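Undergrad: My questions all concern the structure below.
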Amino acid sequence: MQKSIVFIISFFLFSFNTPLFAQFSAKWGDQGNGTFHNPVLPSDFSDLDAIRVGDDFYAISSTLQVSPGMAVLHSKDLVNWKVISHVVNDLTRINQELNWNKMNSYGKGVWAGSIRYYKGKYWVYFGTPEDGFFMSSAKNPAGPWEPLHQVWKVQGWDDCCSFLDDDGQLYFIATNFEEDKINHKKYNIHLFKMIPDGKSLIMESDKIIHQSQGSEANKLYKINGMYYHYFSEVNKEGRVIMMERAKSLSGPWQIKQLNHVNKKLDKEPNQGGLIQLKNGQWWFFTHHGTGDWEGRAASLLPITWIDGWPIMGKVGNDTIGTMLWSAPKPIIRKEHKLANQIHDSFSGTTLSPDWEWNYQPRASKWSLKERKGYLRLHAFQPINPKDTTDILMRAGNTITQRSLRTQKCEVVVKLDISQMKNGQQAGLTHFSTTSIANIGIKQLGDTRSLVFTYKNIETVGPKISHKVIWLKSTWNYEGINQYEYSLNGKDYISFGGQSQMTWGSYRGDRIGIYNYNLHQEEGYIDVDFMRYLFVR
């Protein structure tokens with residue numbers, strides 16, 4: 001029995017003389033020769049912020065409706081990142097609509113936020129479009145994180161950041177993207193003072209410090225005595241990075257555009273965090289705001305300071321940056337090995353943080369304890385089970401991971417299906433709100449059959465009498481997926497046609513394991529392992 005998820009990585013090395021690519025390509029991440037290629041994370045790590053604490057780097061990424069929420073990442077070199085925890089264990093503390101029995105908040109949930117380190121703790125603030133702003137803190141970014149606290153219940157706001165000034169005063173900056181009742185404009189950026197514990201705003205301190213088309217993605221910094229307000233806005237190029245600076249938070253503010261964008265070629269890098277290394281170098285860890293089937297990927301750009309402005313990427317003659325695709329790594333770690341990474345084996349007492357459920361899961365319907373070394377998924381009815389259109393969007397306890405965009409990816413799951421019951425369906429899926437493709441087992445009465453479903457069209461395959469089945473998904477750089485199955489774990493047979501992975505509701509494609517029963521709360525499957533292989 002295989003008890004680990006092993007990521008096998010093949011590297012295609014390039015020299016410093018290789019021309020820079022003009023747009024996204026299949027190359028990504030650490031190249032194993034002291035250089036890296038953007039994106040460094042070719043999957044859905046949206047709405048990034050990042051900081052350095054000592055020799056370690058930490059980042060957060062929005063997660064919308066998946067649970068646990070707000071991913072926390074760790075790196076030692078700014079290129080190789082690993083998810084280490086989540087800030088929000090229970091999405092229902094935000095809104096009950098994010099629970100397994102509602103599942104109607106696609107595109108909502110946990111939006112962008114900020115991570116900061118002060119007062120001996122890590123502080124994360126984030127917003128939701130309908131429920132306002134929330135915060136939590138932790139002494140260790142790997143957790144545990146304190147129970148979620150609502151800072152301000154409000155609608156129509158986003159992209160917040162906390163800031164601790166040298167005098168100990170806490171501040172909070174955020175965008176109101178709805179029309180302001182006084183100036184009758186949208187996308188007003190507000191600055192507030194906070195009380196000392198950081199859990200509420202001093203409302204009478206509110207003031208608007210900026211307004212422009214689409215202005216959001218706020219961060220506040222103080223560098224060499226100067227205040228820097230980072231944000232993005234929309235101009236004729238697309239969504240670009242902006243910065244304003246002042247000697248005082250009350251202004252006056254100088255303003256400058258920091259990058260040029262080409263939406264088709266660079267997908268608009270714009271939301272992220274500025275990071276200073278110990279050696280004084282500065283870098284920018286950012287998502288690409290234009291989503292494709294993989295979601296909003298993450299890149300790393302060098303910063304060049306020109307006349308007191310931090311310019312991202314390759315600096316042009318106009319002192320404005322453009323996307324840079326390759327560069328030497330910021331930090332070379334001789335002891336770092338790239339060959340293999342081991343992920344969740346289902347032999348522990350908790351799930352690996354790489355796993356995220358689609359919505360808050362029904363806790364009583366999954367277990368790592370009932371059968372040691374397996375993930376047990378109990379079946380229950382989806383919401384409105386009589387409507388089978390896009391039913392996976394309403395089927396609770398679908399467990400997922402991000403789909404990587406590489407030259408080739410392969411995922412294999414081994415399922416024990418011996419305890420499936422009438423009306424139950426279980427298997428492997430790729431899904432977004434605009435496209436769903438499944439391969440799995442469907443049981444009617446005592447008969448189990450292989451099924452492939454794509455765009456709500458079901459293809460029924462051979463009857464399956466075996467107790468165990470292996471399901472495989474293989475996809476390429478273009479997001480074209482092909483499913484296969486095996487009854488012995490060695491010989492695989494293609495089943496169903498090809499499917500196209502897609503972007504929807506601000507999310508890229510997710511690969512996951514689903515299990516539900518249209519008729520009753522009966523039956524379960526045991527997941528032995530999931531193996532995820534990819535090529536750079």
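Labeling convention for the structure tokens: chains A, B, ... as they appear, residues from 1 per chain, ligands from 1 in order of appearance.
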Excluding Arg371 in chain A and any residue of its chain fewer than 5 positions from it, enumerate the residues within 12 Å of it, using only C-alpha atoms, and give them as JSON, numbers by chain.
TA: {"A": [346, 347, 348, 349, 366, 376, 377, 416, 524, 525, 526, 527, 528]}
Undergrad: Save the residues we just selected, C-alpha atoms, as a PDB file, in the first residue's frame?
TA:
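The new file result-v1.pdb reads:
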ATOM      1  CA  PHE A 346      -3.653  10.152   5.197  1.00  0.00           C
ATOM      2  CA  SER A 347      -1.684   8.387   7.936  1.00  0.00           C
ATOM      3  CA  GLY A 348      -1.619  11.387  10.250  1.00  0.00           C
ATOM      4  CA  THR A 349      -4.222  12.816  12.569  1.00  0.00           C
ATOM      5  CA  TRP A 366     -15.247  12.554   7.062  1.00  0.00           C
ATOM      6  CA  ARG A 376     -12.952   8.089   4.868  1.00  0.00           C
ATOM      7  CA  LEU A 377     -15.670  10.093   3.117  1.00  0.00           C
ATOM      8  CA  ASP A 416     -11.834   1.486  -1.782  1.00  0.00           C
ATOM      9  CA  TYR A 524     -18.749   5.650   2.156  1.00  0.00           C
ATOM     10  CA  ILE A 525     -15.448   5.384   0.326  1.00  0.00           C
ATOM     11  CA  ASP A 526     -11.928   5.103   1.711  1.00  0.00           C
ATOM     12  CA  VAL A 527      -9.206   7.067  -0.058  1.00  0.00           C
ATOM     13  CA  ASP A 528      -5.941   5.140   0.168  1.00  0.00           C
TER      14      ASP A 528
END
Undergrad: Neighbours of range 433-435 of chain A within 7 Å (only C-alpha atoms; same-chain residues fewer than 4 positions away dropped), as an NGL selection string?
TA: :A and (455 or 501-505)
Undergrad: For range 486-499 of chain A, find every residue with an atom within 8 Å (counting only C-alpha atoms), except residues of its own chain fewer than 4 positions away, and show them as a PDB file with N, CA and C atoms, in the first residue's frame.
TA:
ATOM      1  N   ALA A 437     -15.831  18.324 -14.858  1.00  0.00           N
ATOM      2  CA  ALA A 437     -15.561  17.047 -15.522  1.00  0.00           C
ATOM      3  C   ALA A 437     -15.207  16.019 -14.455  1.00  0.00           C
ATOM      4  N   PHE A 452     -18.400   8.846 -16.719  1.00  0.00           N
ATOM      5  CA  PHE A 452     -17.678  10.082 -17.056  1.00  0.00           C
ATOM      6  C   PHE A 452     -18.728  11.142 -17.319  1.00  0.00           C
ATOM      7  N   THR A 453     -18.565  12.301 -16.664  1.00  0.00           N
ATOM      8  CA  THR A 453     -19.519  13.392 -16.837  1.00  0.00           C
ATOM      9  C   THR A 453     -18.765  14.660 -17.198  1.00  0.00           C
ATOM     10  N   TYR A 454     -19.223  15.314 -18.256  1.00  0.00           N
ATOM     11  CA  TYR A 454     -18.612  16.577 -18.689  1.00  0.00           C
ATOM     12  C   TYR A 454     -19.713  17.465 -19.250  1.00  0.00           C
ATOM     13  N   THR A 459     -21.622   9.757 -19.513  1.00  0.00           N
ATOM     14  CA  THR A 459     -21.301   8.574 -20.301  1.00  0.00           C
ATOM     15  C   THR A 459     -21.096   7.406 -19.339  1.00  0.00           C
ATOM     16  N   GLY A 461     -19.936   3.691 -18.440  1.00  0.00           N
ATOM     17  CA  GLY A 461     -18.966   2.720 -18.919  1.00  0.00           C
ATOM     18  C   GLY A 461     -19.240   1.328 -18.390  1.00  0.00           C
ATOM     19  N   HIS A 466     -14.920  -4.931  -8.887  1.00  0.00           N
ATOM     20  CA  HIS A 466     -13.785  -4.885  -7.969  1.00  0.00           C
ATOM     21  C   HIS A 466     -14.085  -3.994  -6.772  1.00  0.00           C
ATOM     22  N   VAL A 468     -11.679  -2.208  -5.289  1.00  0.00           N
ATOM     23  CA  VAL A 468     -10.733  -1.095  -5.323  1.00  0.00           C
ATOM     24  C   VAL A 468     -10.575  -0.630  -6.761  1.00  0.00           C
ATOM     25  N   ILE A 469     -10.459   0.668  -6.948  1.00  0.00           N
ATOM     26  CA  ILE A 469     -10.234   1.220  -8.280  1.00  0.00           C
ATOM     27  C   ILE A 469      -9.246   2.374  -8.190  1.00  0.00           C
ATOM     28  N   TRP A 470      -8.423   2.502  -9.223  1.00  0.00           N
ATOM     29  CA  TRP A 470      -7.501   3.625  -9.361  1.00  0.00           C
ATOM     30  C   TRP A 470      -8.044   4.556 -10.436  1.00  0.00           C
ATOM     31  N   LEU A 471      -8.098   5.841 -10.154  1.00  0.00           N
ATOM     32  CA  LEU A 471      -8.548   6.843 -11.112  1.00  0.00           C
ATOM     33  C   LEU A 471      -7.422   7.823 -11.379  1.00  0.00           C
ATOM     34  N   ILE A 480      -5.910  20.857 -20.962  1.00  0.00           N
ATOM     35  CA  ILE A 480      -6.689  19.777 -21.560  1.00  0.00           C
ATOM     36  C   ILE A 480      -6.480  18.523 -20.721  1.00  0.00           C
ATOM     37  N   ASN A 481      -7.567  17.964 -20.217  1.00  0.00           N
ATOM     38  CA  ASN A 481      -7.508  16.842 -19.289  1.00  0.00           C
ATOM     39  C   ASN A 481      -8.048  15.571 -19.933  1.00  0.00           C
ATOM     40  N   GLN A 482      -7.421  14.433 -19.549  1.00  0.00           N
ATOM     41  CA  GLN A 482      -7.902  13.124 -19.968  1.00  0.00           C
ATOM     42  C   GLN A 482      -7.936  12.202 -18.749  1.00  0.00           C
TER      43      GLN A 482
END
Undergrad: Could you check how far CA of Asn89 in chain A sits from CA of Phe126 in chain A, in Å to one decimal?
TA: 14.4 Å
Undergrad: Residues within 7 Å of range 40-49 of chain A, please, as a list of chain:residue names. Count only C-alpha atoms; anything in the same chain fewer than 4 positions from it doesn't count.
TA: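 What passes the distance filter is A:Trp28, A:Gly29, A:Ala59, A:Ile60, A:Ser61, A:Ser62, A:Val79, A:Ala112, A:Ser114, A:Ile115, A:Gln271, A:Gly272, A:Gly273, A:Thr286, A:His287, A:Glu294, A:Gly295, A:Arg296, A:Ala297, A:Ala298, A:Ser299, A:Leu300, A:Arg402, A:Ser403, A:Leu404, A:Arg405, A:Gly508.
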Undergrad: I'd like the neighbourhood of range 311-323 of chain A as a PyMOL selection string, where a residue qualifies if any of its atoms comes within 10 Å (using only C-alpha atoms), though same-chain residues fewer than 4 positions away should be ignored.
TA: chain A and resi 21-23+38+241-243+256-262+265-269+274+282-285+299-307+327
Undergrad: Generate the output file for the selected residues, C-alpha atoms, as a compact mmCIF listing (two decimals), in the first residue's frame.
TA:
# COMPACT_ATOMS: atom_id res chain seq x y z
CA PHE A 21 10.27 35.11 -22.73
CA ALA A 22 7.81 37.78 -23.74
CA GLN A 23 4.87 36.08 -22.06
CA ASN A 38 8.13 33.28 -13.36
CA ILE A 241 0.61 49.19 -9.73
CA MET A 242 0.60 52.62 -8.13
CA MET A 243 2.35 54.15 -5.15
CA LYS A 256 3.66 57.49 -9.31
CA GLN A 257 2.81 54.56 -11.58
CA LEU A 258 5.26 51.72 -10.91
CA ASN A 259 4.65 49.29 -13.78
CA HIS A 260 3.30 48.92 -17.29
CA VAL A 261 1.05 45.96 -18.12
CA ASN A 262 -0.01 44.03 -21.18
CA LEU A 265 1.17 38.81 -22.25
CA ASP A 266 1.74 39.37 -18.53
CA LYS A 267 -1.79 39.00 -17.09
CA GLU A 268 -1.40 42.18 -15.04
CA PRO A 269 0.83 41.56 -11.99
CA LEU A 274 7.18 44.43 -0.85
CA TRP A 282 14.02 44.47 -2.25
CA TRP A 283 11.63 42.09 -3.99
CA PHE A 284 7.95 42.04 -4.87
CA PHE A 285 5.82 38.87 -4.49
CA SER A 299 5.48 35.70 -9.54
CA LEU A 300 8.55 37.28 -7.96
CA LEU A 301 9.96 40.55 -9.26
CA PRO A 302 13.12 42.45 -8.27
CA ILE A 303 12.69 46.00 -7.06
CA THR A 304 14.95 48.86 -8.15
CA TRP A 305 14.77 52.05 -6.13
CA ILE A 306 14.83 55.13 -8.35
CA ASP A 307 14.47 58.59 -6.82
CA ALA A 327 16.32 36.24 -12.76
Undergrad: DSSP on the backbone, then: every residue of range 269-482 of chain A marked helix (DSSP H, G or I), written as a list of chain:residue names.
TA: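 Assigned to helix (DSSP H, G or I), within range 269-482 of chain A: A:Ala363, A:Ser364, A:Lys365, A:Ile391, A:Leu392, A:Met393, A:Arg394.
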Undergrad: In range 251-483 of chain A, what's strand (DSSP E) per DSSP? Answer as a PyMOL selection string?
TA: chain A and resi 254-257+269-276+282-288+298-306+309-312+314-315+321-322+326-328+340-343+356-358+366-367+375-378+399-402+408-416+424-432+435-444+447-454+457-463+468-476+480-483
Undergrad: Counting only C-alpha atoms, which of A:Phe24, A:Tyr516, A:Tyr122, A:Phe36 gets nearest to Ile332 in chain A?
TA: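 Of A:Phe24, A:Tyr516, A:Tyr122, A:Phe36, the one nearest Ile332 in chain A is A:Phe36, counting only C-alpha atoms.
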Undergrad: Please provide as a list in words all residues within 9 Å of range 382-384 of chain A, with the sequence filter that same-chain residues fewer than 6 positions apart are discarded (counting only C-alpha atoms).
TA: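 The residues satisfying every condition are Trp100, Asn101, Lys102, Met103, Ile391, Leu392, Met393, Arg394, Ala395, Gly396, Tyr516, Asn517 and Leu518 of chain A.
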Undergrad: Would you save the residues from that selection as a compact mmCIF listing (two decimals), in the first residue's frame, using N, CA, C and O atoms?
TA:
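Okay, selection.txt is ready:
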# COMPACT_ATOMS: atom_id res chain seq x y z
N TRP A 100 -21.73 23.80 4.34
CA TRP A 100 -22.02 22.70 3.43
C TRP A 100 -23.50 22.59 3.07
O TRP A 100 -23.85 22.03 2.03
N ASN A 101 -24.38 23.13 3.89
CA ASN A 101 -25.82 23.05 3.62
C ASN A 101 -26.37 24.30 2.93
O ASN A 101 -27.58 24.43 2.77
N LYS A 102 -25.49 25.20 2.50
CA LYS A 102 -25.90 26.40 1.76
C LYS A 102 -25.19 26.45 0.40
O LYS A 102 -25.83 26.43 -0.64
N MET A 103 -23.87 26.59 0.42
CA MET A 103 -23.03 26.49 -0.78
C MET A 103 -23.47 27.42 -1.91
O MET A 103 -23.50 27.04 -3.08
N ILE A 391 -24.30 19.38 -10.33
CA ILE A 391 -24.61 18.98 -8.95
C ILE A 391 -23.41 19.05 -8.03
O ILE A 391 -23.56 19.23 -6.82
N LEU A 392 -22.22 18.97 -8.58
CA LEU A 392 -21.04 19.03 -7.72
C LEU A 392 -20.91 20.39 -7.04
O LEU A 392 -20.30 20.50 -5.97
N MET A 393 -21.48 21.43 -7.62
CA MET A 393 -21.46 22.74 -7.01
C MET A 393 -22.29 22.77 -5.72
O MET A 393 -22.17 23.70 -4.92
N ARG A 394 -23.13 21.74 -5.51
CA ARG A 394 -24.01 21.69 -4.33
C ARG A 394 -23.78 20.41 -3.52
O ARG A 394 -24.58 20.09 -2.65
N ALA A 395 -22.68 19.71 -3.81
CA ALA A 395 -22.37 18.47 -3.09
C ALA A 395 -21.31 18.74 -2.04
O ALA A 395 -20.16 19.07 -2.38
N GLY A 396 -21.67 18.64 -0.78
CA GLY A 396 -20.75 18.95 0.31
C GLY A 396 -19.61 17.95 0.43
O GLY A 396 -19.68 16.82 -0.06
N TYR A 516 -21.04 11.62 -2.94
CA TYR A 516 -22.38 12.01 -2.50
C TYR A 516 -23.36 10.90 -2.82
O TYR A 516 -23.05 9.95 -3.55
N ASN A 517 -24.57 11.00 -2.27
CA ASN A 517 -25.62 10.02 -2.52
C ASN A 517 -26.91 10.79 -2.81
O ASN A 517 -27.38 11.58 -1.97
N LEU A 518 -27.49 10.56 -3.96
CA LEU A 518 -28.69 11.29 -4.36
C LEU A 518 -29.93 10.86 -3.60
O LEU A 518 -30.91 11.61 -3.51
Undergrad: Distance CA of Met530 in chain A-CA of Pro462 in chain A, one decimal place?
TA: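 CA of Pro462 in chain A lies at a distance of 23.4 Å from CA of Met530 in chain A.
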Undergrad: Quick check, in Å to one decimal: how far apart do CA of Ile457 in chain A and CA of Gly512 in chain A lie?
TA: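 So the answer is 19.2 Å.
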Undergrad: From the list A:Pro330, A:Gly373, A:Pro252, A:Pro39, which residue is nearest Lys278 in chain A when using only C-alpha atoms?
TA: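 Under the stated criterion, the closest residue is A:Pro330.
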Undergrad: So, counting only C-alpha atoms, which residue among A:Asp206, A:Glu146, A:Glu233, A:Asp197 is closest to Phe177 in chain A?
TA: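 Once distances to Phe177 in chain A are computed over only C-alpha atoms, the minimum belongs to A:Glu233.
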